[in-house]
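Scroll down for the structure; my scribbles are underneath it.
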Amino acid sequence: MTALDTAVDMSTALGAAPIPSPVLTASGCSANGAELEPFVDLTAIGAVVTKSVQLWPRSGRPTPRMAETPSGMLNSIGLQGPGIDGLLADDLPWLADRGVRAFVSIAGTRVEDFAALAERLRGVPGVLGLEVNISCPNVESRGEVFACDPVAASDVVSAVRAVADPAQPVYAKLSPDVTDIVGVARAVSAAGADGLSMINTLLGLVIDPDTMRPVLGGVTGGLSGPAIRPVALRCVWQVHQAMPEVPILGMGGIRSGLDALQFVLAGASAVSVGTAVFNDPSAVARVHDELAVALAERGFASLRDAVGYAHR
Amino acid sequence: MTALDTAVDMSTALGAAPIPSPVLTASGCSANGAELEPFVDLTAIGAVVTKSVQLWPRSGRPTPRMAETPSGMLNSIGLQGPGIDGLLADDLPWLADRGVRAFVSIAGTRVEDFAALAERLRGVPGVLGLEVNISCPNVESRGEVFACDPVAASDVVSAVRAVADPAQPVYAKLSPDVTDIVGVARAVSAAGADGLSMINTLLGLVIDPDTMRPVLGGVTGGLSGPAIRPVALRCVWQVHQAMPEVPILGMGGIRSGLDALQFVLAGASAVSVGTAVFNDPSAVARVHDELAVALAERGFASLRDAVGYAHR
Amino acid sequence: MTSLTSPAARAAHPPVQRVVEVSGRRPVGAYVELTLAAPEIAERTEPGQFVAFAVGGPTSAHLLRRSIAIAGAADGAVTVMVAPHGPGSTWLAGLQVGDTVDVVGPLGRPYPMPSDGTPAVLVGGGYGAAALRGLAARLRAAGSPVIAICGAASADRLSSVDELGELAEVIVTTDDGSAGRQGRVTDAMAELLTSRAPGQVGVVYACGPMAMLRAVAEAATTAGLPSYVAVEESMACGVGVCMTCVLPVVGEDGRTRFSRSCTDGPVFGGDRVRFADVGTLPWDVVGADAMGVVAP
Amino acid sequence: MTSLTSPAARAAHPPVQRVVEVSGRRPVGAYVELTLAAPEIAERTEPGQFVAFAVGGPTSAHLLRRSIAIAGAADGAVTVMVAPHGPGSTWLAGLQVGDTVDVVGPLGRPYPMPSDGTPAVLVGGGYGAAALRGLAARLRAAGSPVIAICGAASADRLSSVDELGELAEVIVTTDDGSAGRQGRVTDAMAELLTSRAPGQVGVVYACGPMAMLRAVAEAATTAGLPSYVAVEESMACGVGVCMTCVLPVVGEDGRTRFSRSCTDGPVFGGDRVRFADVGTLPWDVVGADAMGVVAP
Ligand SMILES: Cc1cc2nc3c(=O)[nH]c(=O)nc-3n(C[C@H](O)[C@H](O)[C@H](O)COP(=O)(O)OP(=O)(O)OC[C@H]3O[C@@H](n4cnc5c(N)ncnc54)[C@H](O)[C@@H]3O)c2cc1C
Ligand SMILES: Cc1cc2nc3c(=O)[nH]c(=O)nc-3n(C[C@H](O)[C@H](O)[C@H](O)COP(=O)(O)OP(=O)(O)OC[C@H]3O[C@@H](n4cnc5c(N)ncnc54)[C@H](O)[C@@H]3O)c2cc1C
Ligand SMILES: Cc1cc2nc3c(=O)[nH]c(=O)nc-3n(C[C@H](O)[C@H](O)[C@H](O)COP(=O)(O)O)c2cc1C
Ligand SMILES: Cc1cc2nc3c(=O)[nH]c(=O)nc-3n(C[C@H](O)[C@H](O)[C@H](O)COP(=O)(O)O)c2cc1C
Ligand code: FES
Ligand code: FES
């Protein structure tokens with residue numbers, strides 16, 4: 001990413017943690033960062049949001065793990081990853097050595113899992129904060145997803161906030177698959193979330209016309225990409241409207257600077273670029289540049305001035 | 001539509017009402033049918049699902065009423081229409097004169113409105129049945145949408161079923177914007193729905209990068225088109241899985257015969273083609289033809305054999 | 001208020017949908033003029049009508065049709081003048097000879113004709129002037145003297161000046177003075193209306209951006225002249241099924257309805273379109289009460 | 001189980017992303033051979049690598065990259081052989097000279113080279129044979145005698161027979177007998193392995209459909225020969241960030257992992273890919289326990 005000659009101050013923050021750019025990767029859409037090095041100056045982006053990590057190494061689901069859909073895709077990776085030991089041993093040091101900020105996404109199937117992960121990440125160099133991926137099935141509640149129940153979601157967030165490094169902001173990542181996203185947002189904020197990441201994928205399904213069965217082994221999968229952008233923007237809008245003081249990391253279908261601008265205007269103080277990276281590995285840097293230009297063209301002196309501006 | 005020389009028996013039914021083709025228009029996406037006459041043989045399609053009608057004429061919302069989105073669109077028409085008197089005086093006779101089946105979509109903001117509409121439609125020639133659009137704000141519940149609350153949704157459906165013509169099947173049209181669509185489906189089925197139409201649009205938002213405000217005057221709007229197809233299919237799948245005996249009219253992003261096939265395999269016994277008609281005014285007939293060919297190629301002797309086949 | 005105009009009548013022929021080949025392509029200033037081999041559309045076309053294109057080909061993320069006025073319809077071909085604007089019109093403007101495109105047309109209501117010999121003023125803004133070519137020819141054939149005013153922001157955004165010149169006296173205006181007289185079409189029109197004796201102008205027709213249409217319609221109405229404008233409201237389908245393209249238009253019964261620009265228009269009486277209320281919901285629109293809007 | 005192969009090593013150079021121009025296009029039977037003016041990709045390419053294209057242009061509804069093997073990389077140009085299949089590859093195959101396309105490459109791990117002079121058998125199925133051209137040339141340059149077996153369903157689905165013929169002895173097979181001998185590449189390979197004296201074949205390389213790769217790898221392993229296969233697993237990104245393209249592959253430590261075909265492959269030791277388990281989650285894959293899969 002080349003420093004652009006727009007006078008716009010692009011700095012922002014995740015909770016209390018300052019970042020020089022509002023554009024981040026999205027969890028699960030840039031692995032743990034290293035693969036993007038040929039395409040993007042990782043030190044210049046807001047942060048690498050790492051693939052959701054659990055306590056133990058996970059193989060993830062069998063293939064096929066994805067289906068392309070109109071302006072989007074369905075995935076069912078199943079959180080393949082090295083587990084927290086692997087992340088601490090390999091990925092986070094790699095990022096820290098290069099001065100790349102890591103926003104670490106954690107996942108689990110029990111409240112204690114999340115807390116244990118937050119504990120392990122205390123004081124780890126380069127770890128800017130935590131994103132709590134509560135779009136996971138809760139084994140203690142017949143597999144209902146934490147994010148779909150305000151109480152379960154809050155339980156996770158308060159457990160994490162209680163043990164997490166005080167210097168690390170904790171963001172709760174919300175699912176759009178709920179009747180009342182503002183209700184969930186209020187609950188997790190009250191439970192101590194320093195900010196909200198929104199949105200995770202929508203639950204979807206694709207049937208293979210040849211096999212005449214669901215494409216994905218897991219039957220359903222997560223829908224992402226530009227197709228879902230209007231839903232994501234609506235969620236950000238509604239939550240910012242209800243709680244303008246809560247920082248939002250916006251995501252869902254962001255592909256260009258003007259897409260990112262929409263999220264900022266709706267109330268996001270930072271954004272993640274997910275599926276668009278599959279289309280364009282330099283997307284994160286490009287979106288930063290395009291957003292800076294778009295803000296300059298509209299007369300904003302700083303990104304912060306534009307946050308929530310569409311609610312005026 | 002030309003009768004295709006596939007041996008496949010395409011007949012199906014909406015509840016107890018037989019129809020020769022499983023492909024229908026979608027409410028609000030083909031006005032009340034007449035405009036499609038140059039492009040489609042309306043007597044050959046399953047039925048024209050009319051634009052949701054209310055008790056009184058409605059102007060609908062001011063423009064702009066739409067925004068194009070990736071592989072979809074956002075709309076906020078506000079149910080512009082002539083009211084039930086106009087429908088009964090002009091549109092339904094026009095359809096009946098030509099032998100076109102009408103599946104009449106009704107909407108309201110009070111339970112009584114829905115019941116009054118069902119009452120007015122008793123015994124009207126050419127009216128095959130009723131689709132109850134419960135994705136409307138309930139004035140008696142701070143504007144919460146009926147379809148988002150299983151109790152409010154059931155109240156509407158049981159009131160309609162109580163007064164509707166016994167020969168007219170009553171389909172409840174569900175919203176995907178809920179945490180538990182199976183729960184809503186169970187509630188309205190128990191309340192007497194003869195079938196389920198799914199899905200209505202997803203709530204979305206688009207911000208105009210020039211005005212830096214929401215494009216639509218109503219702020220949010222309904223997202224439709226191929227972008228939402230995986231969500232629609234997931235809803236149909238989940239509900240058919242839970243209640244295989246309940247007939248489903250599937251819709252959401254259907255554009256081709258293979259798209260329609262996915263809905264049938266997931267459990268829909270008929271489908272509506274909505275937004276795709278804006279792209280291709282002959283889409284309803286084309287989807288019928290393509291579906292017939294697709295079924296023939298897969299060795300199905302009848303459409304009915306394929307319904308829910310992906311659950312095998 | 002008595003009206004100077006009657007609502008435009010439906011076209012004689014219903015539209016057809018065809019996949020057609022681009023048979024000609026010519027950049028014209030800021031625009032691209034495309035010629036389509038579409039005999040069934042050409043033979044049905046009346047002046048003022050438009051076509052609606054599917055854009056982006058088989059891999060397209062853009063579902064909605066793009067409406068473009070018909071500039072010419074003759075010899076089995078339809079001509080359109082495309083201004084690259086967003087993704088859809090840019091894609092259209094990039095079509096090459098031999099490419100195919102799905103098109104529906106002719107759509108909408110044509111310009112109503114005045115009684116034979118009525119002198120007419122035609123006002124075209126930007127590519128809108130192209131849409132007046134067929135009308136000018138038909139008026140001439142019916143014995144009407146025609147004056148055409150073609151205006152644009154700059155010379156490269158003028159259109160059809162030569163073609164209209166073969167059928168009419170043409171006045172050219174540009175905002176920046178890069179061609180013709182500096183100023184707006186409405187300045188030229190005002191001058192024309194004052195300089196000519198009463199009866200030397202009997203009807204005004206216009207096509208162009210909404211702000212221009214409003215100004216032209218108001219000037220005509222003030223002068224007591226009937227005017228017909230072809231509006232450009234955002235459309236999703238072009239065929240009357242989506243209800244996205246409505247404008248507040250006064251009907252023959254004097255009541256205002258949200259009328260579809262595609263099937264009730266695009267040609268409306270200039271004194272019937274409530275330009276000032278576009279984008280709002282006035283209380284006296286039929287059915288506004290059901291939306292909770294009350295009379296003041 | 002001791003392994004006959006070592007995992008392929010990373011390529012020497014990281015990939016680049018460029019918008020490049022199509023400089024050549026040639027239909028070849030059922031395929032289209034495209035040449036791209038992409039010097040920075042060409043100069044970095046090693047045999048076995050691939051490129052990933054964005055498809056559909058600016059109006060595209062197709063977000064995911066399409067991976068295509070590199071058939072040739074010389075003189076600043078990269079050549080690929082495209083089989084029109086679904087929307088993305090059909091769009092690619094429709095590109096014309098002068099069109100531009102966004103491409104990332106070279107991607108993936110190249111074929112490991114044997115010690116100089118080792119006789120090699122190359123097996124290519126369909127367009128997969130094209131991907132062996134660079135390898136054949138490099139092997140020849142290192143003194144290896146090369147036999148290439150090119151197979152396909154029918155004559156029009158063969159590729160690069162002539163190009164490989166300049167570098168190697170070529171055996172052609174088609175399922176329908178429309179070219180070469182009737183039968184499958186594996187029949188030809190089995191015959192070859194039995195007819196030659198031990199040591200006359202030292203290593204086997206393959207590229208083609210998964211079923212073919214499996215048969216070739218099994219035949220090689222049974223014969224005690226190392227084999228390297230370039231797999232074709234469904235990919236969304238091509239660069240290693242999406243985790244959609246995994247296969248169960250046995251590592252140097254003997255443990256099976258879900259390895260990414262794009263960055264850990266596409267070239268894997270033929271005896272390391274657990275072909276029979278593709279599409280399943282075997283209990284002994286690292287991390288399967290955390291998915292709730294237990295040892296039988
Ligand atoms: C009756 C009529 C005649 C027209 N004639 C011409 C013509 O001769 N030449 C020409 O260049 N343009 C003409 N236009 C305008 C043209 O339709 C728009 O410029 C074009 O649709 C914009 O599409 P886009 O993808 O470039 O832009 P986008 O803004 O991305 O379009 C998004 C969506 O909005 C709709 N839309 C946006 N602007 C307009 C608009 N002004 N009118 C209608 N729909 C719009 C599009 O159809 C599409 O559905 C005409 C419009 C109408 C209604
Ligand atoms: C390493 C590698 C090399 C390849 N080399 C060639 C080649 O030289 N020539 C050639 O014609 N094809 C090659 N393929 C296959 C080619 O990538 C697919 O045919 C193509 O991606 C299908 O896209 P589609 O839009 O036509 O089909 P769709 O089925 O619509 O594709 C949908 C999605 O699935 C992915 N996908 C589907 N099939 C495959 C597949 N077989 N491999 C990877 N991704 C797939 C696409 O990338 C896309 O994301 C290669 C694949 C790989 C992995
Ligand atoms: C392949 C893939 C894997 C993902 N993995 C994760 C994950 O591990 N944790 C998580 O919180 N979100 C995950 N997501 C969701 C994204 O982080 C993001 O919330 C969502 O995709 C919407 O953004 P997008 O449209 O820009 O991709 C994943 C998405 C994709 C497409
Ligand atoms: C412009 C527009 C107007 C609509 N109006 C109605 C309506 O009046 N009543 C209703 O039940 N659904 C309405 N819908 C929803 C559709 O009937 C359908 O449920 C939805 O659009 C999903 O299908 P699709 O993706 O095929 O359009 C409307 C959709 C659109 C795009
Ligand atoms: S554009 Fe669809 S009704 Fe006019
Ligand atoms: S294709 Fe994305 S990780 Fe391999």
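All residue names refer to the structure tokens as shown: chains lettered A, B, ... in order, residues numbered from 1 in each chain, ligands numbered from 1 in order.
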
Within 7 Å of ligand 2, which residues show up when you count only C-alpha atoms and all ligand atoms? List them as a PyMOL selection string, please. (chain A and resi 67-68) or (chain D and resi 50+64-70+80-90+127-128+131+230-236+262+266)

If we count only C-alpha atoms, which residues of chain B reach to within 7 Å of chain A? Please list them as a tab-separated table (two decimals) with all heavy atoms, in the first residue's frame.
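Result file follows (iface.tsv):
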chain	number	residue	atom	x	y	z
B	70	PRO	N	-25.59	-5.96	-5.69
B	70	PRO	CA	-24.94	-7.05	-6.42
B	70	PRO	C	-25.85	-8.28	-6.53
B	70	PRO	O	-26.26	-8.85	-5.52
B	70	PRO	CB	-23.68	-7.34	-5.60
B	70	PRO	CG	-23.37	-6.02	-4.93
B	70	PRO	CD	-24.73	-5.45	-4.60
B	71	SER	N	-26.19	-8.64	-7.74
B	71	SER	CA	-27.09	-9.77	-8.02
B	71	SER	C	-28.43	-9.67	-7.30
B	71	SER	O	-29.05	-10.70	-6.99
B	71	SER	CB	-26.41	-11.11	-7.71
B	71	SER	OG	-25.29	-11.30	-8.55
B	148	CYS	N	-42.44	-11.78	12.19
B	148	CYS	CA	-41.30	-11.95	13.10
B	148	CYS	C	-41.73	-12.45	14.47
B	148	CYS	O	-40.89	-12.66	15.34
B	148	CYS	CB	-40.53	-10.64	13.21
B	148	CYS	SG	-39.64	-10.26	11.69
B	177	ASP	N	-36.19	-13.00	8.16
B	177	ASP	CA	-35.50	-12.20	9.16
B	177	ASP	C	-35.86	-12.61	10.58
B	177	ASP	O	-36.26	-11.78	11.40
B	177	ASP	CB	-35.83	-10.71	8.95
B	177	ASP	CG	-35.23	-10.16	7.67
B	177	ASP	OD1	-34.12	-10.58	7.31
B	177	ASP	OD2	-35.87	-9.31	7.04
B	178	VAL	N	-35.73	-13.89	10.85
B	178	VAL	CA	-36.07	-14.41	12.17
B	178	VAL	C	-34.98	-15.38	12.63
B	178	VAL	O	-34.27	-15.96	11.80
B	178	VAL	CB	-37.43	-15.15	12.16
B	178	VAL	CG1	-38.57	-14.17	11.86
B	178	VAL	CG2	-37.44	-16.29	11.16
B	179	THR	N	-34.88	-15.54	13.92
B	179	THR	CA	-33.89	-16.46	14.47
B	179	THR	C	-34.27	-17.91	14.17
B	179	THR	O	-33.41	-18.75	13.95
B	179	THR	CB	-33.77	-16.26	16.00
B	179	THR	OG1	-33.62	-14.87	16.25
B	179	THR	CG2	-32.59	-17.02	16.57
B	203	LEU	N	-34.40	-7.79	5.09
B	203	LEU	CA	-34.28	-6.36	5.37
B	203	LEU	C	-32.85	-5.89	5.07
B	203	LEU	O	-31.88	-6.47	5.56
B	203	LEU	CB	-34.63	-6.09	6.84
B	203	LEU	CG	-34.97	-4.65	7.18
B	203	LEU	CD1	-36.23	-4.18	6.46
B	203	LEU	CD2	-35.15	-4.49	8.68
B	204	GLY	N	-32.75	-4.87	4.23
B	204	GLY	CA	-31.43	-4.38	3.86
B	204	GLY	C	-31.40	-2.87	3.77
B	204	GLY	O	-32.43	-2.19	3.95
B	205	LEU	N	-30.21	-2.36	3.50
B	205	LEU	CA	-30.01	-0.90	3.43
B	205	LEU	C	-28.90	-0.61	2.42
B	205	LEU	O	-27.92	-1.35	2.35
B	205	LEU	CB	-29.62	-0.36	4.81
B	205	LEU	CG	-29.31	1.13	4.91
B	205	LEU	CD1	-30.51	1.86	5.50
B	205	LEU	CD2	-28.12	1.39	5.81
B	206	VAL	N	-29.07	0.46	1.68
B	206	VAL	CA	-28.00	0.94	0.80
B	206	VAL	C	-27.86	2.44	1.04
B	206	VAL	O	-28.87	3.14	1.18
B	206	VAL	CB	-28.32	0.68	-0.69
B	206	VAL	CG1	-27.28	1.35	-1.59
B	206	VAL	CG2	-28.36	-0.83	-0.97
B	207	ILE	N	-26.61	2.89	1.13
B	207	ILE	CA	-26.36	4.32	1.31
B	207	ILE	C	-25.84	4.89	0.01
B	207	ILE	O	-24.97	4.30	-0.64
B	207	ILE	CB	-25.39	4.56	2.49
B	207	ILE	CG1	-26.10	4.20	3.79
B	207	ILE	CG2	-24.89	6.01	2.52
B	207	ILE	CD1	-25.25	4.27	5.03
B	209	PRO	N	-23.58	7.06	-2.06
B	209	PRO	CA	-22.29	7.70	-1.78
B	209	PRO	C	-22.29	9.19	-2.12
B	209	PRO	O	-21.41	9.92	-1.65
B	209	PRO	CB	-21.30	6.93	-2.65
B	209	PRO	CG	-22.12	6.22	-3.66
B	209	PRO	CD	-23.49	6.04	-3.10
B	212	MET	N	-24.85	10.72	0.68
B	212	MET	CA	-24.39	10.20	1.98
B	212	MET	C	-25.54	9.99	2.96
B	212	MET	O	-25.40	10.16	4.17
B	212	MET	CB	-23.30	11.10	2.56
B	212	MET	CG	-22.07	11.13	1.65
B	212	MET	SD	-20.60	11.79	2.42
B	212	MET	CE	-20.86	13.53	2.14
B	213	ARG	N	-26.66	9.58	2.42
B	213	ARG	CA	-27.82	9.16	3.21
B	213	ARG	C	-28.36	7.86	2.61
B	213	ARG	O	-28.02	7.53	1.47
B	213	ARG	CB	-28.94	10.21	3.13
B	213	ARG	CG	-28.61	11.54	3.74
B	213	ARG	CD	-29.83	12.46	3.62
B	213	ARG	NE	-29.47	13.84	3.89
B	213	ARG	CZ	-29.41	14.37	5.11
B	213	ARG	NH1	-29.70	13.64	6.17
B	213	ARG	NH2	-29.08	15.64	5.28
B	214	PRO	N	-29.24	7.18	3.34
B	214	PRO	CA	-29.85	5.99	2.74
B	214	PRO	C	-30.52	6.34	1.42
B	214	PRO	O	-31.14	7.40	1.30
B	214	PRO	CB	-30.88	5.56	3.79
B	214	PRO	CG	-30.32	6.06	5.09
B	214	PRO	CD	-29.65	7.37	4.74
B	220	THR	N	-34.68	1.60	5.25
B	220	THR	CA	-34.42	0.21	4.89
B	220	THR	C	-35.39	-0.23	3.79
B	220	THR	O	-36.40	0.43	3.54
B	220	THR	CB	-34.57	-0.72	6.10
B	220	THR	OG1	-35.90	-0.57	6.61
B	220	THR	CG2	-33.56	-0.37	7.18
B	226	PRO	N	-31.24	-13.10	-7.05
B	226	PRO	CA	-30.34	-14.25	-6.88
B	226	PRO	C	-29.40	-14.15	-5.67
B	226	PRO	O	-29.01	-15.18	-5.12
B	226	PRO	CB	-29.56	-14.27	-8.20
B	226	PRO	CG	-30.52	-13.70	-9.20
B	226	PRO	CD	-31.28	-12.65	-8.45
B	227	ALA	N	-29.06	-12.94	-5.27
B	227	ALA	CA	-28.19	-12.76	-4.11
B	227	ALA	C	-28.70	-13.51	-2.89
B	227	ALA	O	-27.92	-14.04	-2.10
B	227	ALA	CB	-28.06	-11.27	-3.78
B	230	PRO	N	-29.42	-18.54	-1.72
B	230	PRO	CA	-28.98	-19.54	-0.73
B	230	PRO	C	-29.72	-19.43	0.61
B	230	PRO	O	-29.96	-20.44	1.27
B	230	PRO	CB	-27.48	-19.24	-0.57
B	230	PRO	CG	-27.09	-18.56	-1.85
B	230	PRO	CD	-28.28	-17.72	-2.22
B	231	VAL	N	-30.10	-18.22	0.99
B	231	VAL	CA	-30.86	-18.05	2.24
B	231	VAL	C	-32.25	-18.64	2.07
B	231	VAL	O	-32.76	-19.36	2.95
B	231	VAL	CB	-30.94	-16.56	2.64
B	231	VAL	CG1	-31.86	-16.37	3.85
B	231	VAL	CG2	-29.55	-16.00	2.92
B	233	LEU	N	-33.23	-20.97	-0.01
B	233	LEU	CA	-33.15	-22.44	-0.09
B	233	LEU	C	-32.94	-23.05	1.29
B	233	LEU	O	-33.50	-24.10	1.61
B	233	LEU	CB	-31.96	-22.82	-0.97
B	233	LEU	CG	-32.27	-22.99	-2.45
B	233	LEU	CD1	-30.98	-23.06	-3.24
B	233	LEU	CD2	-33.09	-24.26	-2.66
B	234	ARG	N	-32.13	-22.39	2.08
B	234	ARG	CA	-31.91	-22.89	3.45
B	234	ARG	C	-33.23	-22.89	4.23
B	234	ARG	O	-33.53	-23.86	4.95
B	234	ARG	CB	-30.87	-22.00	4.14
B	234	ARG	CG	-30.48	-22.43	5.51
B	234	ARG	CD	-31.24	-21.69	6.61
B	234	ARG	NE	-31.01	-20.25	6.57
B	234	ARG	CZ	-31.63	-19.39	7.35
B	234	ARG	NH1	-32.55	-19.81	8.23
B	234	ARG	NH2	-31.38	-18.10	7.24
B	258	LEU	N	-32.82	-24.53	-13.39
B	258	LEU	CA	-31.99	-25.23	-12.40
B	258	LEU	C	-32.11	-24.60	-11.02
B	258	LEU	O	-31.99	-25.28	-10.00
B	258	LEU	CB	-30.52	-25.26	-12.86
B	258	LEU	CG	-30.20	-26.21	-14.01
B	258	LEU	CD1	-28.70	-26.22	-14.31
B	258	LEU	CD2	-30.69	-27.63	-13.73
B	262	GLN	N	-33.57	-26.61	-7.65
B	262	GLN	CA	-33.01	-26.64	-6.29
B	262	GLN	C	-34.12	-26.49	-5.24
B	262	GLN	O	-34.12	-27.19	-4.22
B	262	GLN	CB	-31.99	-25.52	-6.10
B	262	GLN	CG	-30.68	-25.69	-6.83
B	262	GLN	CD	-29.64	-24.70	-6.31
B	262	GLN	OE1	-29.29	-24.70	-5.12
B	262	GLN	NE2	-29.14	-23.85	-7.17
B	265	LEU	N	-36.18	-29.73	-5.12
B	265	LEU	CA	-35.44	-30.79	-4.43
B	265	LEU	C	-35.38	-30.52	-2.93
B	265	LEU	O	-35.38	-31.44	-2.12
B	265	LEU	CB	-34.01	-30.89	-5.00
B	265	LEU	CG	-33.90	-31.30	-6.48
B	265	LEU	CD1	-32.47	-31.13	-6.97
B	265	LEU	CD2	-34.38	-32.74	-6.68
B	310	ALA	N	-33.90	-34.02	-2.35
B	310	ALA	CA	-32.55	-33.82	-1.80
B	310	ALA	C	-32.44	-34.26	-0.35
B	310	ALA	O	-31.33	-34.36	0.20
B	310	ALA	CB	-32.15	-32.35	-1.92

Can you work out which residues are within 7 Å of ligand 5, considering only C-alpha atoms and all ligand atoms, and then hand them over as a PyMOL selection string? chain C and resi 235-246+260-263

Residues of chain C were defined as contacting chain A if any atom lay at most 10 Å from it, counting only C-alpha atoms; please report them as a compact mmCIF listing (two decimals) with N, CA, C and O atoms, in the first residue's frame.
# COMPACT_ATOMS: atom_id res chain seq x y z
N THR C 59 -22.57 -13.44 -17.25
CA THR C 59 -21.95 -13.45 -15.92
C THR C 59 -22.35 -12.23 -15.08
O THR C 59 -21.77 -11.97 -14.05
N SER C 60 -23.39 -11.53 -15.50
CA SER C 60 -23.68 -10.21 -14.91
C SER C 60 -24.24 -10.25 -13.49
O SER C 60 -25.08 -11.07 -13.15
N ALA C 61 -23.79 -9.31 -12.67
CA ALA C 61 -24.35 -9.09 -11.33
C ALA C 61 -25.45 -8.04 -11.36
O ALA C 61 -26.02 -7.72 -10.32
N HIS C 62 -25.72 -7.49 -12.55
CA HIS C 62 -26.70 -6.40 -12.67
C HIS C 62 -27.97 -6.93 -13.28
O HIS C 62 -28.02 -7.23 -14.47

| field | DSSP strand (DSSP E) residues within segment 17-125 of chain D, as a ChimeraX atom specification | value | /D:17-28,31-37,50-53,66-74,77-82,100-107,120-125

8 Å from ligand 4 is the threshold here; counting only C-alpha atoms and all ligand atoms, which polymer residues fall inside it? Answer as an MDAnalysis selection string. (chainID B and resid 26:29 50:53 66 72:80 105:107 131:135 173 197:201 222:229 251:255 272:276) or (chainID C and resid 242:244)

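Comparing C:Leu139, C:Leu63, C:Val28, C:Ala168 by their smallest distance to chain D, the closest is C:Leu63 (using only C-alpha atoms).
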
Please identify which residues in segment 20-97 of chain D DSSP calls alpha helix (DSSP H) from the backbone, and express them as a tab-separated table (two decimals) with N, CA, C and O atoms, in the first residue's frame.
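Ended up saving to states_28.tsv:
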chain	number	residue	atom	x	y	z
D	39	PRO	N	5.02	-10.53	-18.58
D	39	PRO	CA	6.44	-10.83	-18.39
D	39	PRO	C	6.81	-11.16	-16.95
D	39	PRO	O	7.59	-12.09	-16.71
D	40	GLU	N	6.21	-10.44	-15.99
D	40	GLU	CA	6.62	-10.68	-14.60
D	40	GLU	C	6.16	-12.05	-14.09
D	40	GLU	O	6.77	-12.63	-13.20
D	41	ILE	N	5.07	-12.55	-14.68
D	41	ILE	CA	4.65	-13.89	-14.30
D	41	ILE	C	5.51	-14.92	-15.05
D	41	ILE	O	6.00	-15.89	-14.46
D	42	ALA	N	5.72	-14.66	-16.34
D	42	ALA	CA	6.48	-15.62	-17.16
D	42	ALA	C	7.87	-15.86	-16.57
D	42	ALA	O	8.32	-16.99	-16.44
D	87	PRO	N	-19.46	-21.11	-16.03
D	87	PRO	CA	-19.47	-19.71	-16.50
D	87	PRO	C	-18.09	-19.06	-16.54
D	87	PRO	O	-17.81	-18.29	-17.45
D	88	GLY	N	-17.25	-19.36	-15.56
D	88	GLY	CA	-15.96	-18.68	-15.49
D	88	GLY	C	-15.02	-19.12	-16.60
D	88	GLY	O	-14.42	-18.29	-17.30
D	89	SER	N	-14.86	-20.42	-16.78
D	89	SER	CA	-13.95	-20.90	-17.82
D	89	SER	C	-14.52	-20.59	-19.20
D	89	SER	O	-13.75	-20.35	-20.14
D	90	THR	N	-15.84	-20.56	-19.34
D	90	THR	CA	-16.43	-20.19	-20.62
D	90	THR	C	-16.12	-18.73	-20.94
D	90	THR	O	-15.80	-18.37	-22.07
D	91	TRP	N	-16.18	-17.89	-19.91
D	91	TRP	CA	-15.84	-16.47	-20.11
D	91	TRP	C	-14.37	-16.34	-20.51
D	91	TRP	O	-14.03	-15.60	-21.45
D	92	LEU	N	-13.51	-17.08	-19.82
D	92	LEU	CA	-12.08	-17.03	-20.15
D	92	LEU	C	-11.84	-17.45	-21.59
D	92	LEU	O	-11.10	-16.81	-22.33
D	93	ALA	N	-12.50	-18.55	-21.96
D	93	ALA	CA	-12.30	-19.08	-23.31
D	93	ALA	C	-12.82	-18.11	-24.37
D	93	ALA	O	-12.43	-18.19	-25.53

Separating atom CA of Leu196 of chain A from atom CA of Gly257 of chain A, to the nearest tenth of an Å, is a gap of 21.0 Å

From the list C:Gly72, C:Gly105, C:Pro27, C:Gly134, the nearest residue to Phe53 of chain C using only C-alpha atoms is C:Gly105
